[in-house]
Amino acid sequence: MNAILEMRGITKTFPGVKALDNVNITVKAGEIHALVGENGAGKSTLMKVLSGVYPHGSYSGEIIYEGEERRFKGISDSEQLGIIIIHQELALVPLLSIAENIFLGNEQATYGVIDWSAAFARTKDLLKMVGLNESPETLVTNIGVGKQQLVEIAKALSKKVKLLILDEPTASLNEKDSDALLNLLLQFKAQGISSILISHKLNEITKVADSITVLRDGTTVETLDCNAGEISEDRIIRGMVGRTMADRYPKRTSRIGETIFQVENWSTYHPLHANIQVVKNVNLSIRRGEIVGIAGLMGAGRTEFAMSLFGRSYGQNMSGRVLLHGKEIDVSTVEKAVANGIAYATEDRKTYGLVLEEDIRKNISLANLNGVAEKFVIDDIREVAVANEYRARMRIRSPDVFQQAVNLSGGNQQKVVLSKWLFSDPEILILDEPTRGIDVGAKYEIYTIINGLADAGRGVLLISSEMPELLGMCDRIYVMNEGSLIAELDVAEASQEKIMHAIVKSGRR
Amino acid sequence: MDTRTADELHVPQQRTSWLVFVKTHFRDYGMLLALLAIMLFFQVATDGTLLRPLNLTNLVLQNSYIVIMALGMLLVIVAGHIDLSVGSIVGFIGGLAAMMMVRWGFDPVTTTIACLVVGGLIGAAQGYWVAYFKVPSFIVTLAGMLVFKGLTLALLGGMSVGPFPVVFQRLSSGFIPDFFGGEGFNYTSLFIGIASVIAILYFSMRSRANQLKHNVETAPFGLFVAKNALLALFVVGFCYLMATYRGLPNVLVIMAVLIILYAFVTNRTTIGRRIYALGGNEKAARLSGIKTERLTFLTFVNMGVLAGLAGLIFAARLNTATPKAGLGFELDVIAAVFIGGASATGGVGKVTGAVIGAFVMGVMNNGMSILGIGIDYQQVIKGLVLLAAVSLDVYNRKK
């Protein structure tokens, strides 16, 4: 097989940082080439060099594409040659229709007048190719993330793609949508389209990739050929972190005490549609020192449950009781929930967790400003001391605590969010997808922190879409589907199959 | 859990060099340097008229109401909103004060209190829609601008109302009395200046000692000394110049107290911090237990009170209330805040910046008037300066 793309000796420096150092990667025509590495390893930078976001001259090294050296000055240069990149954050306009989005910047027009019937007809063909059964006129905002991802791919196909680059395409997709997407990649492969797949989900990579290039700290570590024999996930991890991860989850001996937290008959309705019940009569309990998981598919109502519990931040017409140490507590506002010892670290840390323009110090003190203030006056010195303490304890990697949160990597941002909530000194910590989009090494550190919380006698409620994570971390797992808790499994008896089985069974009822 | 090593707990002692410090804090000092440059330019161009005691006094009187409103506007803008109605509120409150004192026979003290309360109520009425009904502040205050412009006309019956009792006029045209009976020189003013310098030095030295004790990053010692020396020189020099004329204007004292109060509130208090968090990321702020709606509401109430105060000062200065009072003030105030480095998306901005921004506008107004530049080109130049200042800020932030 010929190589469609060869990047040789790519070096890219930013002021003070060498982001890429002599990186080499060769993508064969018609293969699925996975690019893996921890956050900050240089994957996205490499793809930006390839697509021309960083124009020729701003890096050294050469790009050979379809047998010729290419010097892209911008994205349009690379797109013209069939290199299409789909970013992690989707670049769709929510209030335009599917057809309008697909042909945005590439309108089916003569002299600026759009031929809508041609556009709709082509959109229908493209949607059929990606297996999306929606009308071209549907607004993008009205379809789910999984379908939006497919629209992005249809948009790429409309441009005669030869090399498709997907940056974390399944990060926000549930298992079913992820599978559909991966199958689509396999179909494209059969049609001769090459792809580069960037993903943290190693099980997906071993499923579809033909070869795997591992980046670490801006250099190529190795390229693994999957056709020569199965590559195990542990083998990939070893390349990524430079050491063997004996266990992805730190060991913990649970010391479980009495029940400290109970939720009784909790119900919530959709914030706009008062007749849709999103959370249905949920009963759960957490014991001292226990990590309790909630498993479920995307849209099962887990986040909605947690947010409605946490100061009625979601939904309307809540009913039910919340008890701490057997006494009912008032959680009707976030302030009261926090005061009563509940903390909730959200699933989307950039939108809901951090004030990105502020520094680490101010983010950590935000939920407990009174803890660093006398009356209404903030004690700067105490605030810095608190921030430094958490920076050391959580191993937040930054030159100091005066760095803006926006400049931190995902893992470090999450540590700042956790620091914020630990500083509010909660008895119950609800963690919603705490490791989403975080690399393997940082995940391990987050897990260690969570274990530490349980060991300190707090209760942890862990919401996660990654079942191995729940099985590896929790003492007990609730399974949620369509707003109800449908099963409760002790971790000793739980397995991915059992969880899925419970979900499927409840769906049939 | 506690696996930290001694090395990780070690906080690096920052030995920042001058150049690095100035570079990283360029945004803090850039606009101040620009203001000094502008002042120097006009001082030379006007043959020294700009800094004459009489003109300096005028400069303060002309800009006091803009500065005072800029304090409130800064909070509104940091919280992620805008208030277009302040100019109309100035006019309305001025009119109300005139009617109360001249037509309805209230005394100045009652009138002042009532007007501040009404200012607060107007702010509350607008803040209510913004905070609790989520109507965009641009729309609400645009409506407010029209409403209060109209109400001013209605209240005054389209006429100018005045003059005011002497006590009320003193609000704007009065000076700090001299207790030492200096001939043509107001000793009290100079003493106030010296006392403020001593207070400033005491507090900044105490804070620096505290920072050093706790290994917090501090400015290089040379810069610290230079900064405080310059500030001291500026304050004493300013007070001396003022003392040679009629002393410190009352309104300057009000303004200075408010500036210090708002600088303190924004930098050091929990409510100040919460406003920045609200503007930086409202959702994250709400999920951190901050009552975002009430906070937004309060920033508008505060803005209303300050606009009311500005209305009183402006009316007292003209010694009459006219239906056209306050016209276009909102633009000067908003421009001042943005020139001072606030971000249009919220979450960023400083009280000192807003004050400097107000004086940049004020010095330019004053200097260009002395030079005899027509009102037409004055507007053009002010517009371009606003654009230049904000572009520079955006450019700096990108780097």
# chains A, B, ... in the order shown; residues from 1 in each chain; ligands from 1
$ interface_residues --of "chain A" --to "chain B" --cutoff "6 Å" --atoms "only C-alpha atoms" --output "JSON, numbers by chain"
{"A": [334, 335, 352, 353, 354, 355, 367, 376, 377, 378, 392, 452]}
$ write_last_selection --atoms "N, CA and C atoms" --output "mmCIF file, in the first residue's frame"
data_model
loop_
_atom_site.group_PDB
_atom_site.id
_atom_site.type_symbol
_atom_site.label_atom_id
_atom_site.label_comp_id
_atom_site.auth_asym_id
_atom_site.auth_seq_id
_atom_site.Cartn_x
_atom_site.Cartn_y
_atom_site.Cartn_z
ATOM 1 N N VAL A 334 -28.376 26.430 45.776
ATOM 2 C CA VAL A 334 -27.006 25.911 45.784
ATOM 3 C C VAL A 334 -26.311 26.300 47.084
ATOM 4 N N GLU A 335 -26.536 27.551 47.494
ATOM 5 C CA GLU A 335 -25.899 28.019 48.712
ATOM 6 C C GLU A 335 -26.253 27.124 49.910
ATOM 7 N N TYR A 352 -19.509 24.970 33.208
ATOM 8 C CA TYR A 352 -20.186 25.050 34.497
ATOM 9 C C TYR A 352 -19.238 25.040 35.700
ATOM 10 N N GLY A 353 -17.973 24.697 35.457
ATOM 11 C CA GLY A 353 -17.110 24.491 36.610
ATOM 12 C C GLY A 353 -16.164 25.632 36.922
ATOM 13 N N LEU A 354 -15.615 26.258 35.883
ATOM 14 C CA LEU A 354 -14.526 27.196 36.109
ATOM 15 C C LEU A 354 -14.866 28.581 35.585
ATOM 16 N N VAL A 355 -14.286 29.587 36.227
ATOM 17 C CA VAL A 355 -14.282 30.916 35.631
ATOM 18 C C VAL A 355 -12.936 30.992 34.914
ATOM 19 N N ALA A 367 -16.252 28.741 45.875
ATOM 20 C CA ALA A 367 -17.430 28.163 46.512
ATOM 21 C C ALA A 367 -17.401 28.333 48.034
ATOM 22 N N PHE A 376 -16.641 40.508 55.331
ATOM 23 C CA PHE A 376 -16.763 40.575 53.878
ATOM 24 C C PHE A 376 -15.424 40.806 53.193
ATOM 25 N N VAL A 377 -14.371 40.907 53.990
ATOM 26 C CA VAL A 377 -13.082 41.287 53.410
ATOM 27 C C VAL A 377 -12.206 40.044 53.214
ATOM 28 N N ILE A 378 -11.772 39.870 51.957
ATOM 29 C CA ILE A 378 -10.966 38.691 51.638
ATOM 30 C C ILE A 378 -9.544 38.883 52.145
ATOM 31 N N ALA A 392 -0.445 21.755 45.822
ATOM 32 C CA ALA A 392 0.507 20.707 46.170
ATOM 33 C C ALA A 392 -0.212 19.377 46.385
ATOM 34 N N GLY A 452 -9.004 8.952 48.167
ATOM 35 C CA GLY A 452 -8.610 9.656 49.381
ATOM 36 C C GLY A 452 -9.810 10.255 50.097
#
$ residues_around --residues "region 2-17 of chain A" --least-positions-apart "2" --cutoff "7 Å" --atoms "only C-alpha atoms" --output "ChimeraX atom specification"
/A:19-29,59-66
$ write_last_selection --atoms "N, CA and C atoms" --output "PDB file, in the first residue's frame"
ATOM      1  N   ALA A  19       6.361  22.294  21.259  1.00  0.00           N
ATOM      2  CA  ALA A  19       5.149  21.470  21.262  1.00  0.00           C
ATOM      3  C   ALA A  19       5.374  20.178  20.483  1.00  0.00           C
ATOM      4  N   LEU A  20       6.103  20.260  19.391  1.00  0.00           N
ATOM      5  CA  LEU A  20       6.396  19.074  18.596  1.00  0.00           C
ATOM      6  C   LEU A  20       7.892  19.048  18.340  1.00  0.00           C
ATOM      7  N   ASP A  21       8.476  17.874  18.499  1.00  0.00           N
ATOM      8  CA  ASP A  21       9.918  17.769  18.334  1.00  0.00           C
ATOM      9  C   ASP A  21      10.218  16.599  17.415  1.00  0.00           C
ATOM     10  N   ASN A  22      10.486  16.905  16.141  1.00  0.00           N
ATOM     11  CA  ASN A  22      10.865  15.885  15.178  1.00  0.00           C
ATOM     12  C   ASN A  22       9.859  14.731  15.122  1.00  0.00           C
ATOM     13  N   VAL A  23       8.606  15.077  14.842  1.00  0.00           N
ATOM     14  CA  VAL A  23       7.565  14.057  14.797  1.00  0.00           C
ATOM     15  C   VAL A  23       7.467  13.474  13.391  1.00  0.00           C
ATOM     16  N   ASN A  24       7.369  12.164  13.300  1.00  0.00           N
ATOM     17  CA  ASN A  24       7.198  11.487  12.018  1.00  0.00           C
ATOM     18  C   ASN A  24       5.933  10.645  12.067  1.00  0.00           C
ATOM     19  N   ILE A  25       5.158  10.711  10.999  1.00  0.00           N
ATOM     20  CA  ILE A  25       3.973   9.863  10.935  1.00  0.00           C
ATOM     21  C   ILE A  25       3.698   9.544   9.465  1.00  0.00           C
ATOM     22  N   THR A  26       3.367   8.302   9.198  1.00  0.00           N
ATOM     23  CA  THR A  26       3.067   7.891   7.829  1.00  0.00           C
ATOM     24  C   THR A  26       1.703   7.229   7.809  1.00  0.00           C
ATOM     25  N   VAL A  27       0.797   7.764   7.011  1.00  0.00           N
ATOM     26  CA  VAL A  27      -0.541   7.192   6.902  1.00  0.00           C
ATOM     27  C   VAL A  27      -0.655   6.530   5.537  1.00  0.00           C
ATOM     28  N   LYS A  28      -0.967   5.229   5.534  1.00  0.00           N
ATOM     29  CA  LYS A  28      -1.094   4.524   4.264  1.00  0.00           C
ATOM     30  C   LYS A  28      -2.454   4.823   3.644  1.00  0.00           C
ATOM     31  N   ALA A  29      -2.507   4.727   2.335  1.00  0.00           N
ATOM     32  CA  ALA A  29      -3.770   4.995   1.656  1.00  0.00           C
ATOM     33  C   ALA A  29      -4.803   3.969   2.092  1.00  0.00           C
ATOM     34  N   TYR A  59       6.510  26.163  11.116  1.00  0.00           N
ATOM     35  CA  TYR A  59       7.053  24.919  11.680  1.00  0.00           C
ATOM     36  C   TYR A  59       8.200  24.488  10.782  1.00  0.00           C
ATOM     37  N   SER A  60       8.978  23.527  11.221  1.00  0.00           N
ATOM     38  CA  SER A  60       9.989  22.970  10.327  1.00  0.00           C
ATOM     39  C   SER A  60       9.651  21.510  10.073  1.00  0.00           C
ATOM     40  N   GLY A  61      10.207  20.958   9.020  1.00  0.00           N
ATOM     41  CA  GLY A  61       9.858  19.606   8.611  1.00  0.00           C
ATOM     42  C   GLY A  61       9.026  19.679   7.354  1.00  0.00           C
ATOM     43  N   GLU A  62       8.714  18.513   6.782  1.00  0.00           N
ATOM     44  CA  GLU A  62       7.940  18.572   5.553  1.00  0.00           C
ATOM     45  C   GLU A  62       6.725  17.645   5.557  1.00  0.00           C
ATOM     46  N   ILE A  63       5.747  18.030   4.759  1.00  0.00           N
ATOM     47  CA  ILE A  63       4.517  17.256   4.621  1.00  0.00           C
ATOM     48  C   ILE A  63       4.451  16.750   3.194  1.00  0.00           C
ATOM     49  N   ILE A  64       4.464  15.424   3.051  1.00  0.00           N
ATOM     50  CA  ILE A  64       4.307  14.829   1.724  1.00  0.00           C
ATOM     51  C   ILE A  64       2.899  14.258   1.653  1.00  0.00           C
ATOM     52  N   TYR A  65       2.105  14.773   0.741  1.00  0.00           N
ATOM     53  CA  TYR A  65       0.726  14.297   0.618  1.00  0.00           C
ATOM     54  C   TYR A  65       0.497  13.917  -0.833  1.00  0.00           C
ATOM     55  N   GLU A  66       0.028  12.718  -1.061  1.00  0.00           N
ATOM     56  CA  GLU A  66      -0.157  12.166  -2.398  1.00  0.00           C
ATOM     57  C   GLU A  66       1.098  12.349  -3.240  1.00  0.00           C
TER      58      GLU A  66
END
$ closest_residue --among "B:Val135, B:Leu241, B:Ala358, B:Val225" --to "Tyr187 (chain B)" --atoms "only C-alpha atoms"
B:Leu241
$ residues_around --residues "Ala99 (chain A)" --least-positions-apart "6" --cutoff "7 Å" --atoms "only C-alpha atoms" --output "ChimeraX atom specification"
/A:119-120,123,136-137
$ residues_around --residues "Asp432 (chain A)" --least-positions-apart "2" --cutoff "6 Å" --atoms "only C-alpha atoms" --output "PDB file with C-alpha atoms, in the first residue's frame"
ATOM      1  CA  THR A 346     -20.196  19.234  36.987  1.00  0.00           C
ATOM      2  CA  GLU A 347     -19.627  17.155  33.903  1.00  0.00           C
ATOM      3  CA  PRO A 434     -14.866  13.531  36.513  1.00  0.00           C
ATOM      4  CA  ILE A 463     -21.615   9.437  37.730  1.00  0.00           C
TER       5      ILE A 463
END
$ residues_around --residues "Leu153 (chain B)" --least-positions-apart "2" --cutoff "10 Å" --atoms "only C-alpha atoms" --output "compact mmCIF listing (two decimals) with C-alpha atoms, in the first residue's frame"
# COMPACT_ATOMS: atom_id res chain seq x y z
CA GLY B 91 -31.35 64.54 33.77
CA PHE B 92 -34.36 63.14 35.61
CA GLY B 95 -35.11 67.80 37.37
CA PHE B 148 -36.59 58.91 31.78
CA LYS B 149 -35.71 61.32 29.01
CA GLY B 150 -39.43 61.71 28.49
CA LEU B 151 -40.22 61.94 32.20
CA LEU B 155 -41.48 66.89 35.03
CA LEU B 156 -39.86 70.17 34.06
CA GLY B 157 -42.64 71.05 31.64
CA GLY B 158 -39.97 71.58 29.01
CA MET B 159 -38.46 74.50 30.94
CA SER B 160 -35.29 75.14 32.89
CA THR B 322 -32.71 71.64 32.12
CA PRO B 323 -34.55 69.01 30.09
CA LYS B 324 -31.36 68.43 28.11
$ atom_distance --atom1 "CA of Asn250 (chain B)" --atom2 "CA of Arg170 (chain B)"
7.5 Å
$ closest_residue --among "B:Leu318, B:Ile373, B:Leu223, B:Ala354" --to "Gly94 (chain B)" --atoms "only C-alpha atoms"
B:Leu318
$ select_by_dssp --residues "region 142-360 of chain B" --states "strand (DSSP E or B)" --output "list of chain:residue names"
B:Val161, B:Phe175, B:Pro249, B:Thr269, B:Ala321
$ residues_around --residues "region 379-387 of chain B" --least-positions-apart "5" --cutoff "8 Å" --atoms "only C-alpha atoms" --output "list in words"
Ala335, Phe338, Ile339, Met361 and Met364 of chain B
$ residues_around --residues "Glu79 (chain A)" --least-positions-apart "3" --cutoff "10 Å" --atoms "only C-alpha atoms" --output "compact mmCIF listing (two decimals) with N, CA and C atoms, in the first residue's frame"
# COMPACT_ATOMS: atom_id res chain seq x y z
N SER A 51 -3.32 20.51 8.77
CA SER A 51 -4.45 21.13 8.07
C SER A 51 -4.17 22.58 7.69
N GLY A 52 -3.01 23.09 8.07
CA GLY A 52 -2.67 24.45 7.63
C GLY A 52 -3.10 25.54 8.59
N PHE A 72 0.97 24.20 2.94
CA PHE A 72 -0.35 24.80 3.12
C PHE A 72 -0.25 26.17 3.78
N GLY A 74 -3.15 27.80 4.61
CA GLY A 74 -4.34 27.92 5.45
C GLY A 74 -5.20 26.68 5.28
N ILE A 75 -6.31 26.64 6.02
CA ILE A 75 -7.17 25.46 5.99
C ILE A 75 -7.72 25.22 4.59
N SER A 76 -8.00 26.31 3.87
CA SER A 76 -8.63 26.12 2.55
C SER A 76 -7.69 25.38 1.61
N GLY A 82 -8.52 17.64 -0.20
CA GLY A 82 -9.27 16.54 0.40
C GLY A 82 -8.88 16.17 1.81
N ILE A 83 -8.15 17.05 2.49
CA ILE A 83 -7.84 16.79 3.90
C ILE A 83 -8.85 17.54 4.74
N ILE A 84 -9.73 16.82 5.42
CA ILE A 84 -10.79 17.47 6.18
C ILE A 84 -10.65 17.10 7.65
N ILE A 85 -10.68 18.11 8.50
CA ILE A 85 -10.54 17.85 9.94
C ILE A 85 -11.85 18.14 10.65
N ALA A 156 -18.02 16.88 5.71
CA ALA A 156 -16.70 16.51 5.19
C ALA A 156 -16.83 15.78 3.86
N LYS A 159 -17.21 17.60 0.61
CA LYS A 159 -16.03 18.27 0.05
C LYS A 159 -15.07 17.28 -0.62
N LYS A 160 -15.55 16.11 -0.99
CA LYS A 160 -14.68 15.12 -1.65
C LYS A 160 -13.46 14.81 -0.79
N VAL A 161 -13.74 14.23 0.36
CA VAL A 161 -12.67 13.98 1.31
C VAL A 161 -11.81 12.78 0.90
N LYS A 162 -10.50 12.92 1.06
CA LYS A 162 -9.60 11.79 0.85
C LYS A 162 -8.96 11.36 2.16
N LEU A 163 -8.70 12.34 3.02
CA LEU A 163 -8.11 12.03 4.32
C LEU A 163 -8.96 12.73 5.38
$ select_by_dssp --residues "region 324-364 of chain A" --states "helix (DSSP H, G or I)" --output "PyMOL selection string"
chain A and resi 334-339+349-353+360-364
$ write_last_selection --atoms "C-alpha atoms" --output "compact mmCIF listing (two decimals), in the first residue's frame"
# COMPACT_ATOMS: atom_id res chain seq x y z
CA VAL A 334 -27.01 25.91 45.78
CA GLU A 335 -25.90 28.02 48.71
CA LYS A 336 -27.98 25.93 51.14
CA ALA A 337 -26.88 22.66 49.56
CA VAL A 338 -23.23 23.65 49.94
CA ALA A 339 -23.80 24.87 53.49
CA ARG A 349 -15.94 21.91 33.63
CA LYS A 350 -15.41 24.72 31.13
CA THR A 351 -19.05 25.79 30.97
CA TYR A 352 -20.19 25.05 34.50
CA GLY A 353 -17.11 24.49 36.61
CA ILE A 360 -6.31 29.06 39.98
CA ARG A 361 -6.42 30.79 43.35
CA LYS A 362 -9.70 32.59 42.71
CA ASN A 363 -11.33 29.49 41.26
CA ILE A 364 -10.45 27.39 44.28
